[in-house]
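Let me begin by presenting the structure, written as structure tokens, before commenting on it.
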Protein chains: 2
Amino acid sequence: MRVMNVVAGAVVLCGVLAGVVAGQDRAAFAPVDELPWWPAAERDGFAAYEARLNAIPDAERLWAWHDLLASRPHVAGMEGDRETIGTLAAAFADMGLEVEVHRFWAYLSRPIAAEVEVIGGGLLPLGETPLPEDPDTAADPVGFGWNAYSGSGEATGEVVYANYGRREDFERLAALGVDCAGKVVIARYGGNYRGFKAKFAEEAGAAALLIYSDPADDGYVKGLMYPEGGYLNDSCIQRGSIVTLASPGDPLTPGVEATRDAPRLDPDAVALPRIPVQPIGWGAAHTIMRRMRGDAVPQGWQGGLPLPYRVTGGDGLRVRVKVEQERRIVESANVLATLRGREEPERFVIIGCHHDAWGHGAADAMCGMISLMEAARAFSERAAAGERPRRSVVFAAWGAEEHGLIGSTEWVEGNRDRLEGVSGGGAVAYINLDMASMGPNFGAAATPSLRRVIASAAKAVPQARDPERTVFEAWGAGGEPGMGELGGGSDHLPFVAHAGVAGVGFSGGGSPGVNYHTAYDTLRWYRHVVGEDYEPALMIARMTVATAARLADAPLLPLDPAAGVSSLRRHLRDITKRGVETGVFERPEAEGGEAEGGGGGLGPVAKELAALDAAAAECEAELVRALDAMEAAMAEGRLTGDDIARANAALFAAQRAWSDGAGLADRPWYKSLYIATDPDSGYGSWPLPGLRRAVEDGDAEAVRREVARLKAVVEMLRAVSASLHSGE
Amino acid sequence: MRVMNVVAGAVVLCGVLAGVVAGQDRAAFAPVDELPWWPAAERDGFAAYEARLNAIPDAERLWAWHDLLASRPHVAGMEGDRETIGTLAAAFADMGLEVEVHRFWAYLSRPIAAEVEVIGGGLLPLGETPLPEDPDTAADPVGFGWNAYSGSGEATGEVVYANYGRREDFERLAALGVDCAGKVVIARYGGNYRGFKAKFAEEAGAAALLIYSDPADDGYVKGLMYPEGGYLNDSCIQRGSIVTLASPGDPLTPGVEATRDAPRLDPDAVALPRIPVQPIGWGAAHTIMRRMRGDAVPQGWQGGLPLPYRVTGGDGLRVRVKVEQERRIVESANVLATLRGREEPERFVIIGCHHDAWGHGAADAMCGMISLMEAARAFSERAAAGERPRRSVVFAAWGAEEHGLIGSTEWVEGNRDRLEGVSGGGAVAYINLDMASMGPNFGAAATPSLRRVIASAAKAVPQARDPERTVFEAWGAGGEPGMGELGGGSDHLPFVAHAGVAGVGFSGGGSPGVNYHTAYDTLRWYRHVVGEDYEPALMIARMTVATAARLADAPLLPLDPAAGVSSLRRHLRDITKRGVETGVFERPEAEGGEAEGGGGGLGPVAKELAALDAAAAECEAELVRALDAMEAAMAEGRLTGDDIARANAALFAAQRAWSDGAGLADRPWYKSLYIATDPDSGYGSWPLPGLRRAVEDGDAEAVRREVARLKAVVEMLRAVSASLHSGE
């Protein structure tokens, strides 16, 4: 029996008003039989298979994969990209997998030249200092740092410092009476996706934007610098894309696959950045900022440079920024390698990691890719020995992720039917390994339905550098481990938000250093900072194997539909609280209805939220009952093949229930009503994004519409619970 | 009726174990009649007198006093000291006050020379950069920064960084395996009284200590630097004494007045610092620290210099520190000026502020002294016009405070009988104004018995720069204002901790800058950073007048004995919690008694604490009842002169009840069982210090002894409540 915790629905609003916020989801780590998706009689068999699989990943092989994949730069669309694609295809083929090189043609930007000059003070350096200890640091393929999709042009202006360049930072500048029009804005990295810094700067009228890495965030304030330690030095520059369109992927083919002949938008009609945007190191930033002469910054805007930060530079300081880039359609490719399942080959688990980088990419993303390679080798070797999982496993190396999740998005857009199982089959789950093996501290962000299977896997894998404990024990040391919601910023996004596939991103942390998107992302950096033992990558490989093996081999799909409903209720409480703050509940109905309960009371919109919560509570209770009964029947071997097939269809449908073909009102590419990216930060996650948007806008009518859509999800899930065979 | 909140005593331990900690004291800001210490018929009369008093303080006069007192350096025992004493005596005499120049002969240190050298890297600067905008910054009377009472000598060694040089920092170094023996330790200012940095460094075997001001604490990280803004620049050096003896005052005459002929200790028998200790600016610190080559510092040790902080310098870095000082007996003086009370001249309120400084001392302490002068002028002018308060008011300017609270301590040691009212009279309260007028945000730390009268005064004084509100309204904006306990670091200490006088320190904050103990503590700095309007100093003058007028003129002494009992109970809960942490309650009795209640239960010591709390609860209830009845009778004019005299004797005795002639077990000069300084930080406060020490030491027998002493206090206070005439 699983522990259930159903709260009467009508209580939810009171709870919120009293400041009560729920903690972890019910189902994530309840003490359960660890392999409930098999008949009891078959569990030992799976455990033995899993042990054989996880005996295969090996530190020396991880080192060798790393040498193979991160010894040269391989920026998407540049020299090295094609070679990486070929290397990966050959490696997968060597394993005996069915390899597909999936080509796409995307609108990429290419840097030509960049200059930043303090007028009267000379040009600033725009590239990393090569380190004699690490020759790879001298091999930047471009020769200077750049932001993909920067506008081209030249601008000279006075300077404004905009802190992290978040929406609230620009609002603060406006409140301080600081006009960004025609100015060169300088903002530090951190706090949001860099594309939003550029978007907000452009909206504020800036003539150009400089983005720098502050030593308080990534440098000496954090610890010793590379090559002695692992943190950034004054020359290090974070590269990266700044596109902020309404959907990821190729900018010219939103929603459809970027084949060679796909219909394409006119580039001039696409809202790509217009102003020049240039990333710099803090050495260059210091040269500018120590010449600033304006007022001191507000609380929280001071960084780690040795000077008092100021909001404006004054008219004695002018900076010139020149960026020249070219945008054109470029061919690149994903590499997909399939291990065919023995019984349900059309149903598959996908494990992915991007293969492109800003340079060598030893950390980003190759430290995740090497774990993927070892997972692929494990499944392949056992398959060659006659042990093949029930369903298929697809290993995917995505191209051009760094430019906007392009390879994965194009593949998802071209394979929605297959993912959704329109003609049977379908994607059970997506596991993302982007930059996953950065340290021994395991972490995961996941769709709720996957949390239980991940916890189960974590109990079967030893902790890196502490093999006496399991990943689960170390992860939750001192309590239950937390699994966050998925945000943006990597290839899980099209799967989860566009195709409605259950997804998870694995990560490892705890290594003292940062080299993100710099020319110091090299093999030597990785081995110096993360370690030469490759234990973190080994742990990630084994977690990937254990999770994928459960998803691919269990007779009953290890998807937990109750967890999503539980999370829905928790997010509903948070959003309701937010609604109380914005006052949306006190607004009279658009149709002229009278708000009940007097002036300060909650209106009918709030009542509908409470009704949704009540329905969700009932649904959750029903699902838990049905799942418990089904698992009990499974354990005892009372389910027939047909029972299991029907249950799996229902479980698969339950995941799909969260997708709405119409998508979000303001971002229709986003089909999931459960999760989207934070529309103002890009990296953060927005649960229940349609409802959240409506509440943020204070639009009572929209709240009502979104509540209705979520109610439809809940109704579908109740139908699912009815379809789960109880075995009784 | 006053609101009462008596909790059953036996509950206290449970509450503590459940993590419940009490908030503000009961009596501080309960809605009360604001002048309960007068018959209702006389309250308007006092209010009118107070209004006439507070019409006198004036911004132009404050400016003029400031010019008079802070236009030249006046370090104790050096040139300028004698002149300041003469100036103050003349000024008080001009007001018609009875002036006494109270001379003392104290063992002071005098700087002769200092050098800090990076071996192979040259000498470091040890003085502030003179600023052309502020010629006073060029007039450092010594020519270099110094720490009074440094050892003399020369040492060369490798470098160890000790963060703030707190006990826990040196413990951390030991845990890291870092040996300070023979090393030059460098520590940053902040976190404790600098004398403890020197004491702990010496105990760790350091050969020398450098103390610097980190930009994260006082410099550019906080804001713009002087002369543009108000924060320290790279050259600024915090001077200050580093003596840490068992009592403040002249090191050679502990406990007795340092008259010319007093018996004196042999200086060699006094535990003054032995190693050379030198304060430096962060420019000099940077020159050293950027040459350090050891491991990165632990979490929280990083400061604001532009480098990763390291724990050790390595053998490639050696620093030489040379300090030459002379110690000898020097004459200085306090200046006391008395306004004789009209009815009870032997009973008096003292208002004090030190007059010595590390240079010009425009901020420290003269910005408080000018408020004192205006308070003195207000009382004097009204007295000259025939309005004289019932009791005396003494205005005191203390000498040599900066070297160890010397002038005030010697005066208190020589006047204990007078302060304690041994032959009638006695000190009602002490108001300290050291550096009080630094900004518009009012603050106070006070003995509990004074909190009510301070709140009453704060309701009668307009807020600086916001005269539509009272100090009370602005102070408690968004809730009730908090009044902390008194710690160490200024002249209230001998009054409160040694003589048992009720005390309060006023302060004003909210100005963006720091010049503490630097050569930049000038008039121009003050007017640039705190302001030219002198509104903060005006507010402090008026708060001083309003508080002193209540204390000196009310028929009934405005001392609240119930507040101390309430605070006792709160501190008892905190200390009990600490005792649960140290496990002192689970230790078996020294006499072999059996702990009751089984293994994990609380022993008899805890029961005694609970009994003390129960007695205090009863005592508090009785005091509140008696005070309410007395005040009701007072309001209605039902108290005779004899009633009032008896009540005042009881109220005075109640304050004295907290003093125990034997003093604290480890620091017998400290007589108060209610409050002492934190013995490891010097600035912080330790409520119930005897009990706290016993609990920290885990000494159950000592806990029992201290509980008995506090119980005796409570019994005395119950006797007081019986003496308060109820008028019924």
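Chain labels follow the order of the structure tokens: the first chain is A, the next B, and so on; residue numbering restarts at 1 in every chain, and ligands are counted from 1 in their shown order.
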Find the residues in chain B near chain A: any atom within 7 Å counts, using only C-alpha atoms. Write them as number ranges by chain. B: 220-221, 223-224, 296, 302, 304-308
May I have all residues of range 30-152 of chain A that DSSP, computed from the backbone, assigns to helix (DSSP H, G or I), given as a ChimeraX atom specification? /A:40-54,59-70,81-94,135-138
Please list as a compact mmCIF listing (two decimals) with N, CA, C and O atoms, in the first residue's frame every residue within 7 Å of range 151-167 of chain A, counting only C-alpha atoms and excluding residues in the same chain fewer than 2 positions away.
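Heads up, here's the output in selection_5.txt:
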```
# COMPACT_ATOMS: atom_id res chain seq x y z
N TYR A 149 23.61 35.16 -32.95
CA TYR A 149 22.43 35.93 -33.35
C TYR A 149 22.50 37.38 -32.87
O TYR A 149 21.48 38.09 -32.85
N ASP A 169 15.57 44.53 -13.30
CA ASP A 169 16.71 45.45 -13.30
C ASP A 169 16.44 46.65 -14.22
O ASP A 169 16.74 47.79 -13.85
N PHE A 170 15.89 46.37 -15.38
CA PHE A 170 15.57 47.49 -16.28
C PHE A 170 14.44 48.34 -15.72
O PHE A 170 14.43 49.56 -15.87
N GLU A 171 13.49 47.70 -15.02
CA GLU A 171 12.44 48.48 -14.37
C GLU A 171 13.03 49.38 -13.29
O GLU A 171 12.62 50.53 -13.11
N CYS A 180 18.15 54.44 -20.96
CA CYS A 180 19.10 53.59 -21.68
C CYS A 180 19.17 53.93 -23.17
O CYS A 180 19.98 53.35 -23.89
N GLY A 182 20.06 54.89 -26.59
CA GLY A 182 21.31 55.28 -27.22
C GLY A 182 22.56 54.93 -26.44
O GLY A 182 23.67 55.26 -26.85
N LYS A 183 22.38 54.27 -25.29
CA LYS A 183 23.53 53.97 -24.44
C LYS A 183 24.10 52.58 -24.74
O LYS A 183 23.44 51.71 -25.30
N VAL A 184 25.34 52.41 -24.33
CA VAL A 184 25.93 51.07 -24.29
C VAL A 184 25.63 50.51 -22.90
O VAL A 184 26.15 51.00 -21.90
N VAL A 185 24.76 49.52 -22.86
CA VAL A 185 24.41 48.91 -21.58
C VAL A 185 25.41 47.80 -21.28
O VAL A 185 25.78 47.04 -22.18
N ILE A 186 25.86 47.73 -20.03
CA ILE A 186 26.72 46.62 -19.61
C ILE A 186 26.00 45.86 -18.49
O ILE A 186 25.52 46.48 -17.53
N ALA A 187 25.85 44.58 -18.69
CA ALA A 187 25.13 43.75 -17.70
C ALA A 187 25.98 42.54 -17.39
O ALA A 187 26.79 42.10 -18.20
N ARG A 188 25.80 42.01 -16.19
CA ARG A 188 26.58 40.82 -15.85
C ARG A 188 25.79 39.55 -16.13
O ARG A 188 24.56 39.56 -16.13
N TYR A 189 26.53 38.48 -16.39
CA TYR A 189 25.90 37.18 -16.58
C TYR A 189 25.26 36.73 -15.27
O TYR A 189 25.72 37.07 -14.18
N GLY A 190 24.23 35.91 -15.40
CA GLY A 190 23.56 35.36 -14.22
C GLY A 190 22.16 35.91 -14.10
O GLY A 190 21.83 36.97 -14.63
N GLY A 191 21.30 35.16 -13.41
CA GLY A 191 19.96 35.65 -13.10
C GLY A 191 18.92 35.37 -14.17
O GLY A 191 17.73 35.37 -13.86
N ASN A 192 19.35 35.18 -15.40
CA ASN A 192 18.39 34.83 -16.46
C ASN A 192 19.19 34.29 -17.66
O ASN A 192 20.42 34.26 -17.65
N LYS A 197 18.55 39.39 -21.52
CA LYS A 197 19.31 40.62 -21.29
C LYS A 197 19.29 41.47 -22.57
O LYS A 197 19.09 42.68 -22.53
N PHE A 200 15.61 42.79 -23.33
CA PHE A 200 15.21 43.92 -22.48
C PHE A 200 16.05 45.16 -22.79
O PHE A 200 15.53 46.29 -22.76
N ALA A 207 21.78 51.11 -27.45
CA ALA A 207 22.44 51.06 -28.76
C ALA A 207 23.27 49.81 -28.90
O ALA A 207 23.51 49.34 -30.01
N ALA A 208 23.73 49.27 -27.77
CA ALA A 208 24.53 48.04 -27.78
C ALA A 208 24.51 47.46 -26.37
O ALA A 208 24.18 48.16 -25.40
N PRO A 273 17.66 39.42 -32.64
CA PRO A 273 18.25 40.64 -32.08
C PRO A 273 18.75 41.59 -33.17
O PRO A 273 19.24 41.15 -34.21
N ARG A 274 18.60 42.88 -32.89
CA ARG A 274 19.04 43.88 -33.87
C ARG A 274 20.28 44.64 -33.41
O ARG A 274 21.11 45.01 -34.22
N ILE A 275 20.40 44.86 -32.11
CA ILE A 275 21.56 45.64 -31.65
C ILE A 275 22.79 44.74 -31.49
O ILE A 275 22.66 43.53 -31.29
N PRO A 276 23.98 45.32 -31.61
CA PRO A 276 25.18 44.51 -31.36
C PRO A 276 25.28 44.12 -29.89
O PRO A 276 25.08 44.96 -29.01
N VAL A 277 25.54 42.85 -29.67
CA VAL A 277 25.66 42.31 -28.32
C VAL A 277 26.99 41.56 -28.25
O VAL A 277 27.25 40.69 -29.08
N TRP A 301 23.22 45.22 -6.33
CA TRP A 301 23.80 45.34 -7.67
C TRP A 301 25.32 45.31 -7.65
O TRP A 301 25.96 45.21 -8.68
N ARG A 310 28.58 51.63 -10.19
CA ARG A 310 27.77 52.82 -10.44
C ARG A 310 26.77 52.53 -11.55
O ARG A 310 27.01 51.68 -12.40
N VAL A 311 25.70 53.26 -11.53
CA VAL A 311 24.63 53.01 -12.49
C VAL A 311 24.96 53.62 -13.85
O VAL A 311 24.69 53.02 -14.88
N THR A 312 25.57 54.78 -13.85
CA THR A 312 25.87 55.45 -15.12
C THR A 312 27.35 55.83 -15.18
O THR A 312 28.01 55.97 -14.15
N GLY A 313 27.82 55.99 -16.41
CA GLY A 313 29.22 56.31 -16.59
C GLY A 313 29.50 57.80 -16.66
O GLY A 313 30.63 58.24 -16.44
N GLY A 314 28.46 58.58 -16.96
CA GLY A 314 28.67 60.02 -17.14
C GLY A 314 29.11 60.33 -18.56
O GLY A 314 29.45 59.43 -19.33
N ASP A 315 29.11 61.63 -18.89
CA ASP A 315 29.38 61.97 -20.30
C ASP A 315 30.88 61.97 -20.61
O ASP A 315 31.27 62.17 -21.75
N LEU A 317 32.66 59.32 -20.42
CA LEU A 317 33.01 57.94 -20.79
C LEU A 317 32.14 57.49 -21.95
O LEU A 317 30.92 57.43 -21.82
N ARG A 318 32.79 57.18 -23.04
CA ARG A 318 32.05 56.67 -24.19
C ARG A 318 32.71 55.37 -24.66
O ARG A 318 33.93 55.25 -24.67
N VAL A 319 31.87 54.44 -25.01
CA VAL A 319 32.35 53.12 -25.43
C VAL A 319 31.79 52.80 -26.80
O VAL A 319 30.62 53.09 -27.08
N ARG A 320 32.63 52.24 -27.62
CA ARG A 320 32.21 51.84 -28.97
C ARG A 320 32.14 50.32 -29.04
O ARG A 320 33.04 49.62 -28.59
N VAL A 321 31.05 49.83 -29.58
CA VAL A 321 30.86 48.38 -29.75
C VAL A 321 30.58 48.12 -31.22
O VAL A 321 29.66 48.72 -31.79
N LYS A 322 31.35 47.21 -31.78
CA LYS A 322 31.12 46.84 -33.17
C LYS A 322 31.05 45.32 -33.25
O LYS A 322 31.94 44.63 -32.76
N VAL A 323 29.97 44.84 -33.83
CA VAL A 323 29.83 43.39 -34.03
C VAL A 323 29.45 43.16 -35.48
O VAL A 323 28.54 43.80 -36.01
N GLU A 324 30.18 42.25 -36.11
CA GLU A 324 29.83 41.87 -37.48
C GLU A 324 29.59 40.37 -37.52
O GLU A 324 30.48 39.59 -37.16
N GLN A 325 28.38 40.00 -37.85
CA GLN A 325 28.05 38.59 -37.98
C GLN A 325 27.31 38.37 -39.29
O GLN A 325 26.75 39.29 -39.87
```
So that I can see what lies close to Arg524 in chain B, please list as a list in words the residues with an atom at most 12 Å from it, counting only C-alpha atoms and leaving out residues fewer than 4 positions away in the same chain.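 Residues near the query, excluding close chain neighbours: Trp63, His66, Asp67, Ala70, Ser71, Leu131, Pro132, Glu133, Asp134, Pro135, Asp136, Thr137, Tyr226, Pro227, Glu228, Gly229, Gly230, His360, Gly361, Ala362, Ala363, Asn515, Ala519, Tyr520, His528, Val529, Val530, Gly531 and Glu532 of chain B.
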Could you write out that same residue set with N, CA, C and O atoms as a compact mmCIF listing (two decimals), in the first residue's frame?
```txt
# COMPACT_ATOMS: atom_id res chain seq x y z
N TRP B 63 26.33 72.95 14.97
CA TRP B 63 27.43 73.19 14.01
C TRP B 63 28.59 73.90 14.72
O TRP B 63 29.76 73.52 14.58
N HIS B 66 30.42 71.74 17.10
CA HIS B 66 31.23 70.80 16.33
C HIS B 66 32.53 71.45 15.88
O HIS B 66 33.61 70.87 15.98
N ASP B 67 32.42 72.68 15.37
CA ASP B 67 33.63 73.42 15.01
C ASP B 67 34.55 73.57 16.21
O ASP B 67 35.78 73.39 16.11
N ALA B 70 35.90 69.72 17.22
CA ALA B 70 36.45 68.72 16.28
C ALA B 70 37.32 69.35 15.19
O ALA B 70 37.51 68.77 14.14
N SER B 71 37.87 70.50 15.48
CA SER B 71 38.72 71.17 14.47
C SER B 71 40.19 70.84 14.64
O SER B 71 41.03 71.37 13.90
N LEU B 131 43.82 64.12 1.64
CA LEU B 131 42.93 64.49 0.54
C LEU B 131 42.92 66.00 0.38
O LEU B 131 42.66 66.72 1.34
N PRO B 132 43.18 66.48 -0.83
CA PRO B 132 43.18 67.94 -1.02
C PRO B 132 41.83 68.58 -0.69
O PRO B 132 41.77 69.72 -0.25
N GLU B 133 40.73 67.80 -0.89
CA GLU B 133 39.40 68.35 -0.61
C GLU B 133 39.19 68.56 0.88
O GLU B 133 38.23 69.23 1.29
N ASP B 134 40.01 67.93 1.72
CA ASP B 134 39.76 67.96 3.16
C ASP B 134 41.11 68.03 3.89
O ASP B 134 41.70 67.00 4.24
N PRO B 135 41.60 69.25 4.09
CA PRO B 135 42.94 69.41 4.68
C PRO B 135 43.09 68.72 6.03
O PRO B 135 44.19 68.33 6.40
N ASP B 136 41.99 68.57 6.80
CA ASP B 136 42.12 67.90 8.10
C ASP B 136 42.64 66.47 7.98
O ASP B 136 43.19 65.92 8.93
N THR B 137 42.46 65.86 6.81
CA THR B 137 42.94 64.48 6.65
C THR B 137 44.46 64.41 6.64
O THR B 137 45.03 63.33 6.78
N TYR B 226 35.11 58.03 0.28
CA TYR B 226 35.40 59.41 0.59
C TYR B 226 36.61 59.88 -0.21
O TYR B 226 37.55 59.10 -0.35
N PRO B 227 36.63 61.09 -0.76
CA PRO B 227 35.70 62.20 -0.49
C PRO B 227 34.46 62.23 -1.37
O PRO B 227 33.59 63.07 -1.15
N GLU B 228 34.34 61.31 -2.35
CA GLU B 228 33.14 61.35 -3.19
C GLU B 228 31.94 60.85 -2.41
O GLU B 228 30.93 61.53 -2.29
N GLY B 229 32.06 59.66 -1.87
CA GLY B 229 31.03 59.12 -0.98
C GLY B 229 31.55 59.13 0.44
O GLY B 229 32.31 60.03 0.81
N GLY B 230 31.16 58.11 1.21
CA GLY B 230 31.53 58.12 2.62
C GLY B 230 32.33 56.92 3.10
O GLY B 230 32.65 56.84 4.28
N HIS B 360 40.65 63.90 14.82
CA HIS B 360 39.71 65.00 15.03
C HIS B 360 38.45 64.53 15.74
O HIS B 360 37.83 65.28 16.48
N GLY B 361 38.04 63.32 15.46
CA GLY B 361 36.89 62.76 16.15
C GLY B 361 35.58 63.51 15.90
O GLY B 361 34.74 63.61 16.78
N ALA B 362 35.38 63.97 14.68
CA ALA B 362 34.12 64.67 14.39
C ALA B 362 32.94 63.72 14.56
O ALA B 362 31.89 64.10 15.07
N ALA B 363 33.13 62.47 14.14
CA ALA B 363 32.08 61.47 14.35
C ALA B 363 32.25 60.84 15.73
O ALA B 363 31.33 60.88 16.55
N ASN B 515 33.93 55.92 8.75
CA ASN B 515 35.27 56.51 8.90
C ASN B 515 35.87 56.13 10.24
O ASN B 515 36.83 56.75 10.70
N ALA B 519 41.89 58.51 9.98
CA ALA B 519 42.26 59.93 9.88
C ALA B 519 41.25 60.71 9.06
O ALA B 519 41.37 61.93 8.92
N TYR B 520 40.26 60.02 8.50
CA TYR B 520 39.21 60.71 7.75
C TYR B 520 38.01 61.07 8.63
O TYR B 520 36.97 61.50 8.13
N HIS B 528 29.57 66.00 4.94
CA HIS B 528 29.35 65.44 3.60
C HIS B 528 28.48 64.18 3.67
O HIS B 528 27.62 63.97 2.82
N VAL B 529 28.69 63.37 4.70
CA VAL B 529 28.05 62.05 4.73
C VAL B 529 26.79 62.07 5.60
O VAL B 529 25.73 61.58 5.19
N VAL B 530 26.88 62.59 6.80
CA VAL B 530 25.71 62.62 7.68
C VAL B 530 24.82 63.81 7.32
O VAL B 530 23.59 63.72 7.39
N GLY B 531 25.43 64.90 6.92
CA GLY B 531 24.65 66.03 6.45
C GLY B 531 25.03 67.34 7.12
O GLY B 531 25.61 67.36 8.20
N GLU B 532 24.65 68.40 6.46
CA GLU B 532 24.93 69.73 6.99
C GLU B 532 23.76 70.27 7.79
O GLU B 532 23.85 71.34 8.37
```
Would you mind writing down, as an MDAnalysis selection string, each residue of range 271-441 of chain A that DSSP on the backbone assigns to strand (DSSP E)? chainID A and resid 277:280 319:339 344:354 391:398 426:432 441
Neighbouring residues of Leu623 in chain A were defined as those with any atom within 12 Å, considering only C-alpha atoms; residues of the same chain fewer than 4 positions away were excluded. Please report them as a ChimeraX atom specification. /A:2,4,6,27,560-566,616-619,627-631,650-651,654,714-726
Using only C-alpha atoms, the best pick from A:Ser449, A:Gly414, A:Asp364, A:Pro39 as closest to Thr640 in chain A would be A:Pro39
Quick one: everything within 8 Å of Val496 in chain B, counting only C-alpha atoms, minus sequence neighbours fewer than 6 positions away in the same chain. Send it as a PDB file with N, CA and C atoms, in the first residue's frame.
```pdb
ATOM      1  N   ALA B 502      20.999  51.796  35.941  1.00  0.00           N
ATOM      2  CA  ALA B 502      20.236  51.596  34.706  1.00  0.00           C
ATOM      3  C   ALA B 502      20.857  52.456  33.618  1.00  0.00           C
ATOM      4  N   GLY B 503      21.049  51.886  32.438  1.00  0.00           N
ATOM      5  CA  GLY B 503      21.745  52.635  31.402  1.00  0.00           C
ATOM      6  C   GLY B 503      21.101  52.493  30.041  1.00  0.00           C
ATOM      7  N   SER B 672      26.988  43.152  37.903  1.00  0.00           N
ATOM      8  CA  SER B 672      25.598  42.926  37.486  1.00  0.00           C
ATOM      9  C   SER B 672      25.382  41.454  37.147  1.00  0.00           C
ATOM     10  N   ILE B 675      23.608  41.703  33.177  1.00  0.00           N
ATOM     11  CA  ILE B 675      24.237  41.933  31.871  1.00  0.00           C
ATOM     12  C   ILE B 675      25.751  42.076  32.010  1.00  0.00           C
TER      13      ILE B 675
END
```
Report as a list in words all protein, DNA and RNA residues lying within 10 Å of Ala549 in chain A, evaluated on only C-alpha atoms, omitting residues in the same chain fewer than 3 positions from it. Phe46, Tyr49, Glu50, Leu53, Val349, Phe379, Arg388, Pro389, Arg390, Arg391, Val393, Ala457, Met543, Thr544, Val545, Ala546, Ala552, Asp553 and Ala554 of chain A
Next, dump the selected residues to file, keeping only N, CA and C atoms, as a tab-separated table (two decimals), in the first residue's frame.
```tsv
chain	number	residue	atom	x	y	z
A	46	PHE	N	15.15	-9.26	-13.32
A	46	PHE	CA	15.51	-7.92	-13.79
A	46	PHE	C	16.72	-7.39	-13.05
A	49	TYR	N	19.77	-8.74	-14.52
A	49	TYR	CA	20.03	-8.10	-15.83
A	49	TYR	C	20.63	-6.72	-15.60
A	50	GLU	N	20.02	-5.98	-14.71
A	50	GLU	CA	20.51	-4.63	-14.43
A	50	GLU	C	21.96	-4.68	-13.92
A	53	LEU	N	24.19	-5.21	-16.81
A	53	LEU	CA	24.31	-3.96	-17.58
A	53	LEU	C	25.29	-3.00	-16.90
A	349	VAL	N	12.43	4.47	-25.31
A	349	VAL	CA	13.00	5.43	-24.38
A	349	VAL	C	14.12	6.15	-25.13
A	379	PHE	N	23.96	-1.41	-22.99
A	379	PHE	CA	22.78	-2.04	-23.59
A	379	PHE	C	23.19	-2.87	-24.81
A	388	ARG	N	18.10	-8.31	-24.46
A	388	ARG	CA	17.61	-7.12	-25.14
A	388	ARG	C	16.36	-6.66	-24.39
A	389	PRO	N	16.23	-5.39	-24.10
A	389	PRO	CA	15.05	-4.97	-23.34
A	389	PRO	C	13.77	-5.10	-24.16
A	390	ARG	N	12.66	-5.14	-23.43
A	390	ARG	CA	11.34	-5.30	-24.04
A	390	ARG	C	11.07	-4.23	-25.10
A	391	ARG	N	11.41	-2.96	-24.76
A	391	ARG	CA	11.14	-1.84	-25.68
A	391	ARG	C	12.46	-1.34	-26.26
A	393	VAL	N	15.50	1.33	-27.16
A	393	VAL	CA	16.21	2.46	-26.54
A	393	VAL	C	16.90	3.22	-27.66
A	457	ALA	N	15.64	3.76	-9.39
A	457	ALA	CA	16.96	3.57	-10.00
A	457	ALA	C	18.07	4.03	-9.06
A	543	MET	N	23.18	5.57	-13.58
A	543	MET	CA	21.83	6.08	-13.32
A	543	MET	C	21.01	6.05	-14.61
A	544	THR	N	21.67	6.37	-15.73
A	544	THR	CA	20.99	6.36	-17.02
A	544	THR	C	20.58	4.94	-17.38
A	545	VAL	N	21.50	4.01	-17.21
A	545	VAL	CA	21.20	2.60	-17.50
A	545	VAL	C	20.06	2.11	-16.61
A	546	ALA	N	20.14	2.39	-15.31
A	546	ALA	CA	19.14	1.86	-14.38
A	546	ALA	C	17.76	2.45	-14.68
A	552	ALA	N	12.39	0.72	-20.16
A	552	ALA	CA	12.35	-0.06	-21.40
A	552	ALA	C	11.98	-1.52	-21.17
A	553	ASP	N	12.20	-2.02	-19.97
A	553	ASP	CA	12.08	-3.47	-19.79
A	553	ASP	C	10.93	-3.90	-18.89
A	554	ALA	N	10.38	-2.99	-18.09
A	554	ALA	CA	9.31	-3.40	-17.17
A	554	ALA	C	8.05	-3.76	-17.96
```
